[in-house]
file start.pdb (PDB, C-alpha atoms and all ligand atoms)
ATOM      1  CA  MET A   1      88.245 144.098 -81.426
ATOM      2  CA  ASP A   2      86.046 144.574 -78.354
ATOM      3  CA  SER A   3      88.429 143.270 -75.715
ATOM      4  CA  GLY A   4      89.369 144.728 -72.362
ATOM      5  CA  PRO A   5      87.850 144.547 -68.895
ATOM      6  CA  ALA A   6      84.762 146.643 -69.741
ATOM      7  CA  HIS A   7      83.706 144.031 -72.292
ATOM      8  CA  ALA A   8      84.972 140.870 -70.588
ATOM      9  CA  ASP A   9      81.470 139.819 -69.524
ATOM     10  CA  LEU A  10      82.026 136.239 -70.685
ATOM     11  CA  ALA A  11      84.999 135.682 -68.345
ATOM     12  CA  GLY A  12      84.674 132.268 -66.709
ATOM     13  CA  ARG A  13      82.404 130.982 -69.506
ATOM     14  CA  THR A  14      83.368 128.149 -71.821
ATOM     15  CA  ALA A  15      82.258 128.264 -75.454
ATOM     16  CA  LEU A  16      82.255 125.661 -78.220
ATOM     17  CA  VAL A  17      82.129 126.852 -81.838
ATOM     18  CA  THR A  18      81.590 124.361 -84.662
ATOM     19  CA  GLY A  19      83.151 125.165 -88.002
ATOM     20  CA  GLY A  20      85.439 127.426 -85.991
ATOM     21  CA  GLY A  21      88.313 127.059 -88.453
ATOM     22  CA  SER A  22      86.943 129.392 -91.137
ATOM     23  CA  GLY A  23      84.677 132.286 -92.010
ATOM     24  CA  ILE A  24      81.885 133.074 -89.538
ATOM     25  CA  GLY A  25      82.991 130.405 -87.030
ATOM     26  CA  ARG A  26      86.480 131.800 -86.912
ATOM     27  CA  ALA A  27      85.125 135.310 -86.313
ATOM     28  CA  CYS A  28      82.866 133.932 -83.540
ATOM     29  CA  ALA A  29      85.828 132.222 -81.849
ATOM     30  CA  HIS A  30      87.675 135.553 -81.852
ATOM     31  CA  ALA A  31      84.703 137.585 -80.599
ATOM     32  CA  LEU A  32      83.866 135.180 -77.760
ATOM     33  CA  ALA A  33      87.511 134.903 -76.685
ATOM     34  CA  ALA A  34      87.817 138.715 -76.730
ATOM     35  CA  ALA A  35      84.809 138.831 -74.391
ATOM     36  CA  GLY A  36      86.657 136.570 -71.949
ATOM     37  CA  ALA A  37      85.381 133.077 -72.839
ATOM     38  CA  THR A  38      87.552 129.974 -73.161
ATOM     39  CA  VAL A  39      86.868 128.655 -76.658
ATOM     40  CA  HIS A  40      86.776 125.100 -78.037
ATOM     41  CA  VAL A  41      87.241 125.236 -81.801
ATOM     42  CA  VAL A  42      85.583 122.260 -83.509
ATOM     43  CA  ASP A  43      86.256 121.646 -87.196
ATOM     44  CA  ARG A  44      86.979 118.750 -89.541
ATOM     45  CA  ASP A  45      89.956 120.703 -90.914
ATOM     46  CA  ALA A  46      92.802 120.020 -88.491
ATOM     47  CA  ALA A  47      95.127 122.774 -89.717
ATOM     48  CA  THR A  48      92.650 125.651 -89.535
ATOM     49  CA  ALA A  49      91.150 124.424 -86.236
ATOM     50  CA  ALA A  50      94.641 124.400 -84.695
ATOM     51  CA  GLU A  51      95.448 127.810 -86.168
ATOM     52  CA  VAL A  52      92.304 129.480 -84.781
ATOM     53  CA  ALA A  53      92.656 127.731 -81.402
ATOM     54  CA  ALA A  54      96.198 129.119 -81.168
ATOM     55  CA  GLU A  55      95.009 132.613 -82.164
ATOM     56  CA  VAL A  56      92.347 132.695 -79.434
ATOM     57  CA  GLY A  57      94.206 130.715 -76.764
ATOM     58  CA  GLY A  58      91.624 127.929 -76.995
ATOM     59  CA  ARG A  59      91.580 124.208 -77.825
ATOM     60  CA  ALA A  60      91.126 122.539 -81.206
ATOM     61  CA  HIS A  61      88.974 119.438 -81.710
ATOM     62  CA  VAL A  62      89.148 117.727 -85.079
ATOM     63  CA  VAL A  63      85.723 116.220 -85.659
ATOM     64  CA  ASP A  64      83.683 115.368 -88.740
ATOM     65  CA  LEU A  65      80.205 116.448 -87.663
ATOM     66  CA  ALA A  66      78.639 114.090 -90.210
ATOM     67  CA  ASP A  67      79.872 111.279 -87.937
ATOM     68  CA  ALA A  68      77.392 111.113 -85.058
ATOM     69  CA  ALA A  69      79.701 108.938 -82.924
ATOM     70  CA  ALA A  70      82.543 111.468 -83.195
ATOM     71  CA  ILE A  71      80.369 114.135 -81.567
ATOM     72  CA  ASP A  72      80.733 112.231 -78.272
ATOM     73  CA  THR A  73      84.427 113.226 -78.246
ATOM     74  CA  VAL A  74      83.825 116.987 -77.861
ATOM     75  CA  PRO A  75      83.493 118.580 -74.413
ATOM     76  CA  ALA A  76      79.996 118.534 -72.910
ATOM     77  CA  GLU A  77      80.855 121.081 -70.188
ATOM     78  CA  VAL A  78      80.207 124.227 -72.202
ATOM     79  CA  ASP A  79      78.148 127.289 -71.291
ATOM     80  CA  ILE A  80      77.903 128.678 -74.834
ATOM     81  CA  LEU A  81      77.274 126.483 -77.870
ATOM     82  CA  VAL A  82      77.550 128.009 -81.334
ATOM     83  CA  ASN A  83      76.238 125.627 -83.996
ATOM     84  CA  ASN A  84      77.863 127.164 -87.040
ATOM     85  CA  ALA A  85      79.430 124.482 -89.271
ATOM     86  CA  GLY A  86      77.763 124.196 -92.630
ATOM     87  CA  LEU A  87      78.223 123.555 -96.308
ATOM     88  CA  GLN A  88      76.399 124.223 -99.551
ATOM     89  CA  HIS A  89      75.616 122.194-102.656
ATOM     90  CA  VAL A  90      73.674 123.686-105.539
ATOM     91  CA  ALA A  91      71.659 121.634-108.067
ATOM     92  CA  PRO A  92      68.088 121.456-109.411
ATOM     93  CA  LEU A  93      65.805 119.382-107.194
ATOM     94  CA  HIS A  94      65.326 116.610-109.787
ATOM     95  CA  GLU A  95      69.087 116.218-110.153
ATOM     96  CA  TYR A  96      70.016 116.772-106.482
ATOM     97  CA  PRO A  97      72.274 113.918-105.254
ATOM     98  CA  PRO A  98      70.421 112.157-102.387
ATOM     99  CA  GLU A  99      73.690 111.492-100.546
ATOM    100  CA  MET A 100      74.459 115.233-100.607
ATOM    101  CA  PHE A 101      70.974 115.993 -99.264
ATOM    102  CA  THR A 102      71.614 113.575 -96.384
ATOM    103  CA  LEU A 103      75.077 115.039 -95.676
ATOM    104  CA  LEU A 104      73.725 118.588 -95.366
ATOM    105  CA  GLN A 105      71.002 117.418 -92.929
ATOM    106  CA  GLN A 106      73.627 115.505 -90.889
ATOM    107  CA  VAL A 107      76.014 118.458 -90.554
ATOM    108  CA  MET A 108      73.457 121.278 -90.252
ATOM    109  CA  VAL A 109      70.546 119.654 -88.324
ATOM    110  CA  THR A 110      71.527 116.308 -86.764
ATOM    111  CA  ALA A 111      74.897 117.517 -85.431
ATOM    112  CA  PRO A 112      73.378 120.657 -83.825
ATOM    113  CA  PHE A 113      70.688 118.419 -82.253
ATOM    114  CA  LEU A 114      73.312 115.996 -80.891
ATOM    115  CA  LEU A 115      75.451 118.865 -79.581
ATOM    116  CA  ILE A 116      72.526 120.600 -77.877
ATOM    117  CA  ARG A 117      71.465 117.249 -76.390
ATOM    118  CA  ARG A 118      75.038 116.716 -75.163
ATOM    119  CA  CYS A 119      75.625 120.201 -73.738
ATOM    120  CA  VAL A 120      72.336 121.183 -72.066
ATOM    121  CA  PRO A 121      72.717 118.966 -68.961
ATOM    122  CA  HIS A 122      75.764 121.066 -67.961
ATOM    123  CA  MET A 123      73.934 124.321 -68.768
ATOM    124  CA  TYR A 124      70.844 123.207 -66.832
ATOM    125  CA  ALA A 125      73.011 122.254 -63.835
ATOM    126  CA  ARG A 126      74.591 125.727 -63.829
ATOM    127  CA  ARG A 127      71.235 127.384 -64.560
ATOM    128  CA  TRP A 128      72.796 129.394 -67.380
ATOM    129  CA  GLY A 129      73.421 128.722 -71.034
ATOM    130  CA  ARG A 130      73.466 130.279 -74.480
ATOM    131  CA  ILE A 131      72.803 128.332 -77.665
ATOM    132  CA  VAL A 132      73.318 130.272 -80.876
ATOM    133  CA  ASN A 133      72.532 128.566 -84.155
ATOM    134  CA  VAL A 134      73.946 130.086 -87.317
ATOM    135  CA  SER A 135      71.011 129.768 -89.668
ATOM    136  CA  SER A 136      70.550 131.865 -92.804
ATOM    137  CA  ALA A 137      68.066 133.982 -94.704
ATOM    138  CA  HIS A 138      67.506 130.562 -96.276
ATOM    139  CA  GLY A 139      66.172 129.401 -92.903
ATOM    140  CA  LEU A 140      63.289 131.806 -93.569
ATOM    141  CA  ARG A 141      63.078 132.003 -97.377
ATOM    142  CA  ALA A 142      63.606 129.631-100.294
ATOM    143  CA  SER A 143      65.811 129.965-103.353
ATOM    144  CA  PRO A 144      65.977 127.584-106.292
ATOM    145  CA  TYR A 145      68.661 124.864-106.476
ATOM    146  CA  LYS A 146      69.345 124.878-102.728
ATOM    147  CA  VAL A 147      66.862 122.236-101.590
ATOM    148  CA  ALA A 148      69.121 120.560 -99.011
ATOM    149  CA  TYR A 149      70.403 123.848 -97.572
ATOM    150  CA  VAL A 150      66.941 125.464 -97.339
ATOM    151  CA  ALA A 151      65.467 122.306 -95.774
ATOM    152  CA  ALA A 152      68.343 122.040 -93.287
ATOM    153  CA  LYS A 153      68.219 125.698 -92.227
ATOM    154  CA  HIS A 154      64.420 125.572 -91.786
ATOM    155  CA  GLY A 155      64.995 122.452 -89.653
ATOM    156  CA  LEU A 156      67.628 124.269 -87.605
ATOM    157  CA  GLU A 157      65.163 127.108 -86.953
ATOM    158  CA  GLY A 158      62.672 124.579 -85.525
ATOM    159  CA  LEU A 159      65.325 122.840 -83.441
ATOM    160  CA  SER A 160      66.409 126.196 -82.018
ATOM    161  CA  LYS A 161      62.836 127.062 -80.979
ATOM    162  CA  VAL A 162      62.356 123.755 -79.132
ATOM    163  CA  ALA A 163      65.700 124.265 -77.343
ATOM    164  CA  ALA A 164      64.479 127.754 -76.332
ATOM    165  CA  VAL A 165      61.173 126.452 -74.947
ATOM    166  CA  GLU A 166      62.759 123.564 -73.018
ATOM    167  CA  GLY A 167      65.744 125.624 -71.865
ATOM    168  CA  ALA A 168      63.718 128.550 -70.519
ATOM    169  CA  PRO A 169      63.117 127.166 -66.992
ATOM    170  CA  HIS A 170      66.854 126.427 -66.732
ATOM    171  CA  GLY A 171      68.210 129.861 -67.695
ATOM    172  CA  VAL A 172      69.210 128.657 -71.170
ATOM    173  CA  THR A 173      68.389 130.707 -74.271
ATOM    174  CA  SER A 174      68.485 129.482 -77.854
ATOM    175  CA  ASN A 175      68.380 131.712 -80.905
ATOM    176  CA  CYS A 176      69.217 131.722 -84.587
ATOM    177  CA  VAL A 177      71.199 134.372 -86.371
ATOM    178  CA  SER A 178      70.149 134.434 -89.989
ATOM    179  CA  PRO A 179      72.584 136.206 -92.287
ATOM    180  CA  GLY A 180      72.256 137.058 -95.938
ATOM    181  CA  TYR A 181      75.409 136.579 -97.992
ATOM    182  CA  VAL A 182      78.565 136.860 -95.884
ATOM    183  CA  ARG A 183      82.045 137.321 -97.329
ATOM    184  CA  THR A 184      83.540 133.902 -96.455
ATOM    185  CA  PRO A 185      85.250 131.044 -98.358
ATOM    186  CA  LEU A 186      81.819 129.337 -98.671
ATOM    187  CA  VAL A 187      80.463 132.311-100.625
ATOM    188  CA  ASP A 188      83.703 132.905-102.541
ATOM    189  CA  ARG A 189      83.268 129.387-103.971
ATOM    190  CA  GLN A 190      79.650 130.169-104.978
ATOM    191  CA  ILE A 191      80.687 133.452-106.613
ATOM    192  CA  ALA A 192      83.332 131.704-108.709
ATOM    193  CA  ALA A 193      80.885 128.952-109.763
ATOM    194  CA  GLN A 194      78.116 131.426-110.655
ATOM    195  CA  ALA A 195      80.542 133.591-112.634
ATOM    196  CA  ARG A 196      81.423 130.550-114.760
ATOM    197  CA  ALA A 197      77.766 129.458-115.103
ATOM    198  CA  HIS A 198      76.386 132.902-116.057
ATOM    199  CA  ARG A 199      79.505 134.160-117.909
ATOM    200  CA  LEU A 200      79.659 137.213-115.624
ATOM    201  CA  SER A 201      82.500 138.862-113.739
ATOM    202  CA  GLU A 202      82.662 138.061-110.025
ATOM    203  CA  ASP A 203      81.631 141.660-109.180
ATOM    204  CA  GLU A 204      78.569 141.289-111.425
ATOM    205  CA  VAL A 205      77.664 138.015-109.684
ATOM    206  CA  VAL A 206      77.735 139.727-106.274
ATOM    207  CA  GLU A 207      75.613 142.659-107.469
ATOM    208  CA  LYS A 208      73.174 140.991-109.898
ATOM    209  CA  VAL A 209      72.839 137.438-108.540
ATOM    210  CA  LEU A 210      73.693 137.292-104.816
ATOM    211  CA  LEU A 211      72.405 140.717-103.778
ATOM    212  CA  ASP A 212      69.510 140.810-106.246
ATOM    213  CA  ARG A 213      66.934 140.403-103.441
ATOM    214  CA  SER A 214      68.865 142.427-100.845
ATOM    215  CA  PRO A 215      67.978 146.135-100.501
ATOM    216  CA  VAL A 216      71.389 146.725 -98.855
ATOM    217  CA  LYS A 217      73.857 146.125-101.677
ATOM    218  CA  ARG A 218      76.887 144.865 -99.782
ATOM    219  CA  LEU A 219      78.069 141.519 -98.473
ATOM    220  CA  VAL A 220      77.905 141.055 -94.687
ATOM    221  CA  GLU A 221      81.319 140.676 -93.015
ATOM    222  CA  PRO A 222      82.008 137.660 -90.724
ATOM    223  CA  ALA A 223      82.834 140.036 -87.843
ATOM    224  CA  GLU A 224      79.327 141.534 -88.075
ATOM    225  CA  VAL A 225      77.765 138.087 -87.581
ATOM    226  CA  ALA A 226      80.172 137.353 -84.735
ATOM    227  CA  ALA A 227      79.262 140.620 -82.997
ATOM    228  CA  LEU A 228      75.598 139.574 -83.008
ATOM    229  CA  VAL A 229      76.440 136.076 -81.750
ATOM    230  CA  ARG A 230      78.541 137.539 -78.962
ATOM    231  CA  TRP A 231      75.754 140.010 -78.092
ATOM    232  CA  LEU A 232      73.235 137.161 -77.792
ATOM    233  CA  CYS A 233      75.566 135.546 -75.228
ATOM    234  CA  GLY A 234      75.477 138.529 -72.853
ATOM    235  CA  GLU A 235      73.478 138.839 -69.631
ATOM    236  CA  HIS A 236      71.334 141.557 -71.259
ATOM    237  CA  ALA A 237      69.959 139.001 -73.767
ATOM    238  CA  ALA A 238      68.345 136.677 -71.183
ATOM    239  CA  SER A 239      64.817 137.459 -72.424
ATOM    240  CA  LEU A 240      65.657 137.100 -76.088
ATOM    241  CA  SER A 241      65.032 133.424 -76.834
ATOM    242  CA  GLY A 242      63.390 131.362 -79.533
ATOM    243  CA  ALA A 243      64.043 134.137 -82.037
ATOM    244  CA  SER A 244      65.673 134.320 -85.411
ATOM    245  CA  VAL A 245      67.574 137.555 -85.879
ATOM    246  CA  PRO A 246      68.049 138.486 -89.528
ATOM    247  CA  LEU A 247      71.330 140.051 -90.588
ATOM    248  CA  ASP A 248      70.428 140.238 -94.216
ATOM    249  CA  GLY A 249      70.316 143.857 -95.399
ATOM    250  CA  ALA A 250      66.483 143.783 -95.293
ATOM    251  CA  TRP A 251      66.247 140.813 -97.708
ATOM    252  CA  THR A 252      63.577 139.053 -95.605
ATOM    253  CA  ALA A 253      61.739 142.368 -95.143
ATOM    254  CA  THR A 254      60.882 142.432 -98.854
TER     255      THR A 254
HETATM  256  P1  LIG B 301      83.093 128.366 -94.393
HETATM  257  O1  LIG B 301      83.105 127.363 -95.503
HETATM  258  O2  LIG B 301      84.003 129.542 -94.456
HETATM  259  O3  LIG B 301      83.300 127.642 -93.000
HETATM  260  C1  LIG B 301      82.588 126.476 -92.654
HETATM  261  C2  LIG B 301      83.426 125.676 -91.692
HETATM  262  O4  LIG B 301      82.673 124.513 -91.337
HETATM  263  C3  LIG B 301      84.744 125.214 -92.297
HETATM  264  O5  LIG B 301      85.825 125.460 -91.421
HETATM  265  C4  LIG B 301      84.521 123.719 -92.513
HETATM  266  O6  LIG B 301      85.717 122.942 -92.404
HETATM  267  C5  LIG B 301      83.541 123.400 -91.387
HETATM  268  N1  LIG B 301      82.788 122.194 -91.682
HETATM  269  C6  LIG B 301      82.064 121.918 -92.788
HETATM  270  N2  LIG B 301      81.598 120.667 -92.735
HETATM  271  C7  LIG B 301      82.036 120.134 -91.566
HETATM  272  C8  LIG B 301      81.904 118.861 -90.936
HETATM  273  N3  LIG B 301      81.258 117.848 -91.556
HETATM  274  N4  LIG B 301      82.464 118.667 -89.733
HETATM  275  C9  LIG B 301      83.161 119.656 -89.129
HETATM  276  N5  LIG B 301      83.351 120.876 -89.678
HETATM  277  C10 LIG B 301      82.786 121.110 -90.885
HETATM  278  O7  LIG B 301      81.559 128.833 -94.296
HETATM  279  P2  LIG B 301      80.851 130.089 -93.593
HETATM  280  O8  LIG B 301      80.347 130.955 -94.692
HETATM  281  O9  LIG B 301      81.695 130.674 -92.517
HETATM  282  O10 LIG B 301      79.565 129.355 -92.989
HETATM  283  C11 LIG B 301      79.374 129.146 -91.610
HETATM  284  C12 LIG B 301      77.884 128.996 -91.361
HETATM  285  O11 LIG B 301      77.220 130.185 -91.755
HETATM  286  C13 LIG B 301      77.223 127.863 -92.150
HETATM  287  O12 LIG B 301      76.277 127.187 -91.346
HETATM  288  C14 LIG B 301      76.521 128.605 -93.274
HETATM  289  O13 LIG B 301      75.408 127.896 -93.746
HETATM  290  C15 LIG B 301      76.124 129.871 -92.555
HETATM  291  N6  LIG B 301      75.825 130.980 -93.432
HETATM  292  C16 LIG B 301      76.764 131.450 -94.281
HETATM  293  C17 LIG B 301      76.422 132.502 -95.106
HETATM  294  C18 LIG B 301      77.405 133.087 -96.070
HETATM  295  O14 LIG B 301      76.977 133.853 -96.927
HETATM  296  N7  LIG B 301      78.692 132.775 -95.984
HETATM  297  C19 LIG B 301      75.146 133.068 -95.073
HETATM  298  C20 LIG B 301      74.217 132.563 -94.176
HETATM  299  C21 LIG B 301      74.562 131.516 -93.363
END
call {"tool": "encode", "arguments": {"input": "start.pdb", "output": "C-alpha cells"}}
result
Amino acid sequence: MDSGPAHADLAGRTALVTGGGSGIGRACAHALAAAGATVHVVDRDAATAAEVAAEVGGRAHVVDLADAAAIDTVPAEVDILVNNAGLQHVAPLHEYPPEMFTLLQQVMVTAPFLLIRRCVPHMYARRWGRIVNVSSAHGLRASPYKVAYVAAKHGLEGLSKVAAVEGAPHGVTSNCVSPGYVRTPLVDRQIAAQARAHRLSEDEVVEKVLLDRSPVKRLVEPAEVAALVRWLCGEHAASLSGASVPLDGAWTAT
C-alpha cells in the first residue's frame, strides 16, 4: 500500500467514492485514504459500506443511487468524486427488460450526473477538483447482450467530457478509467453464469469467453484500477482531462 508522508499528497482533500463497499470502489477508498484523503464511502449495502469506512477511517453513507432524491443526502463538500457504482444485466436486446435498462441508466449515468452537479460548486469555489468516472472497455466498445451497460458507459464517457470542458476554467479535471475485466464480485457472478450457460469450467470462461478479445490474458486486479484513479487525483495530472484511460490489456487496441 502506498502510504507514508512521501505519498500523502491528498492530505486535506475529501473524497467521495460511490459503490465503495465492494470491488473497485473498495480498492479506491483504500488507495485515496492511503494518499491522505478523508473518504466518504457511499453504497446501498449498509454492512459493506460501514466495513470499508471503518477500514479507511472514513464515513459510510447508505444510499440507493437509483433514488435521485437520496443523492441530496450525501456530502456536497468533496474535492474528489469517484463515480464507480455500477451493475450488470445480460440479455439479448429483444428480450432485455425495459425496467432493467432504466435502472442501469439511473445508477451509471443519472446518479453520476446528479453527483457531479452537486459537488462541482464546492470544487469551483476552491479552484481545485478531481472527478474520476469508472467507465469500462464497454464505454468504448460494444459486446452482445449488454445493451444497457454499453449504452450507460458510453453515456458516462460523454458526461465526463462535458464535466472536463466546463470544469477546466475552475481547476477541475474529469476523466474516465476504462477497465477490461476486473476480478471483483460483479465479474465472479458473470463467470459463474457463463460457466452454466456454456457448460464450461470457470477457468475456461475466463480464458475463452472473458479474455477472448484481450491480448493480455489475465484479469485486472481492483488495486490496479485504484492506483490509476489515485494517480489521476494527483497534482501532476492537472493537464489530463476529458480523457478515457484504458486499463484493458490492449483490448481496445485491437
Ligand atoms: P461490485 O459489484 O464488486 O461493486 C459494485 C458496488 O456498487 C457494490 O458495493 C454495490 O452495492 C454498489 N451499488 C450497485 N448499485 C448501487 C446503487 N443503486 N446504489 C448504491 N450502490 C450501488 O462491482 P465492481 O466490479 O467493483 O464494479 C465497480 C464499477 O466498475 C462499475 O461501474 C462497473 O461497471 C465498473 N467496471 C467493472 C469491471 C469488472 O470487470 N469488474 C470492468 C469495467 C468496469
call {"tool": "residues_near_ligand", "arguments": {"input": "start.pdb", "ligand": "ligand LIG 301 (chain B)", "cutoff": "6 Å", "atoms": "only C-alpha atoms and all ligand atoms", "output": "number ranges by chain"}}
result
A: 19-25, 43-45, 63-66, 84-87, 107, 134-136, 179-187
call {"tool": "resolve_selection", "arguments": {"input": "start.pdb", "expression": "the PyMOL selection byres (((chain A and resi 155) around 10) and not hetatm)", "output": "number ranges by chain"}}
result
A: 105, 108-110, 135, 139, 149-154, 156-160
call {"tool": "closest_residue", "arguments": {"input": "start.pdb", "among": "A:Val216, A:Ala31, A:Val162, A:Ala53", "to": "Arg117 (chain A)", "atoms": "all atoms listed in the file"}}
result
A:Val162
call {"tool": "closest_residue", "arguments": {"input": "start.pdb", "among": "A:Arg230, A:Arg127, A:His94, A:His40", "to": "His170 (chain A)", "atoms": "all atoms listed in the file"}}
result
A:Arg127
call {"tool": "atom_distance", "arguments": {"input": "start.pdb", "atom1": "CA of Ala70 (chain A)", "atom2": "CA of His138 (chain A)"}}
result
27.6 Å
call {"tool": "atom_distance", "arguments": {"input": "start.pdb", "atom1": "CA of Ala34 (chain A)", "atom2": "CA of Leu10 (chain A)"}}
result
8.7 Å
call {"tool": "atom_distance", "arguments": {"input": "start.pdb", "atom1": "CA of Leu16 (chain A)", "atom2": "CA of Pro222 (chain A)"}}
result
17.3 Å
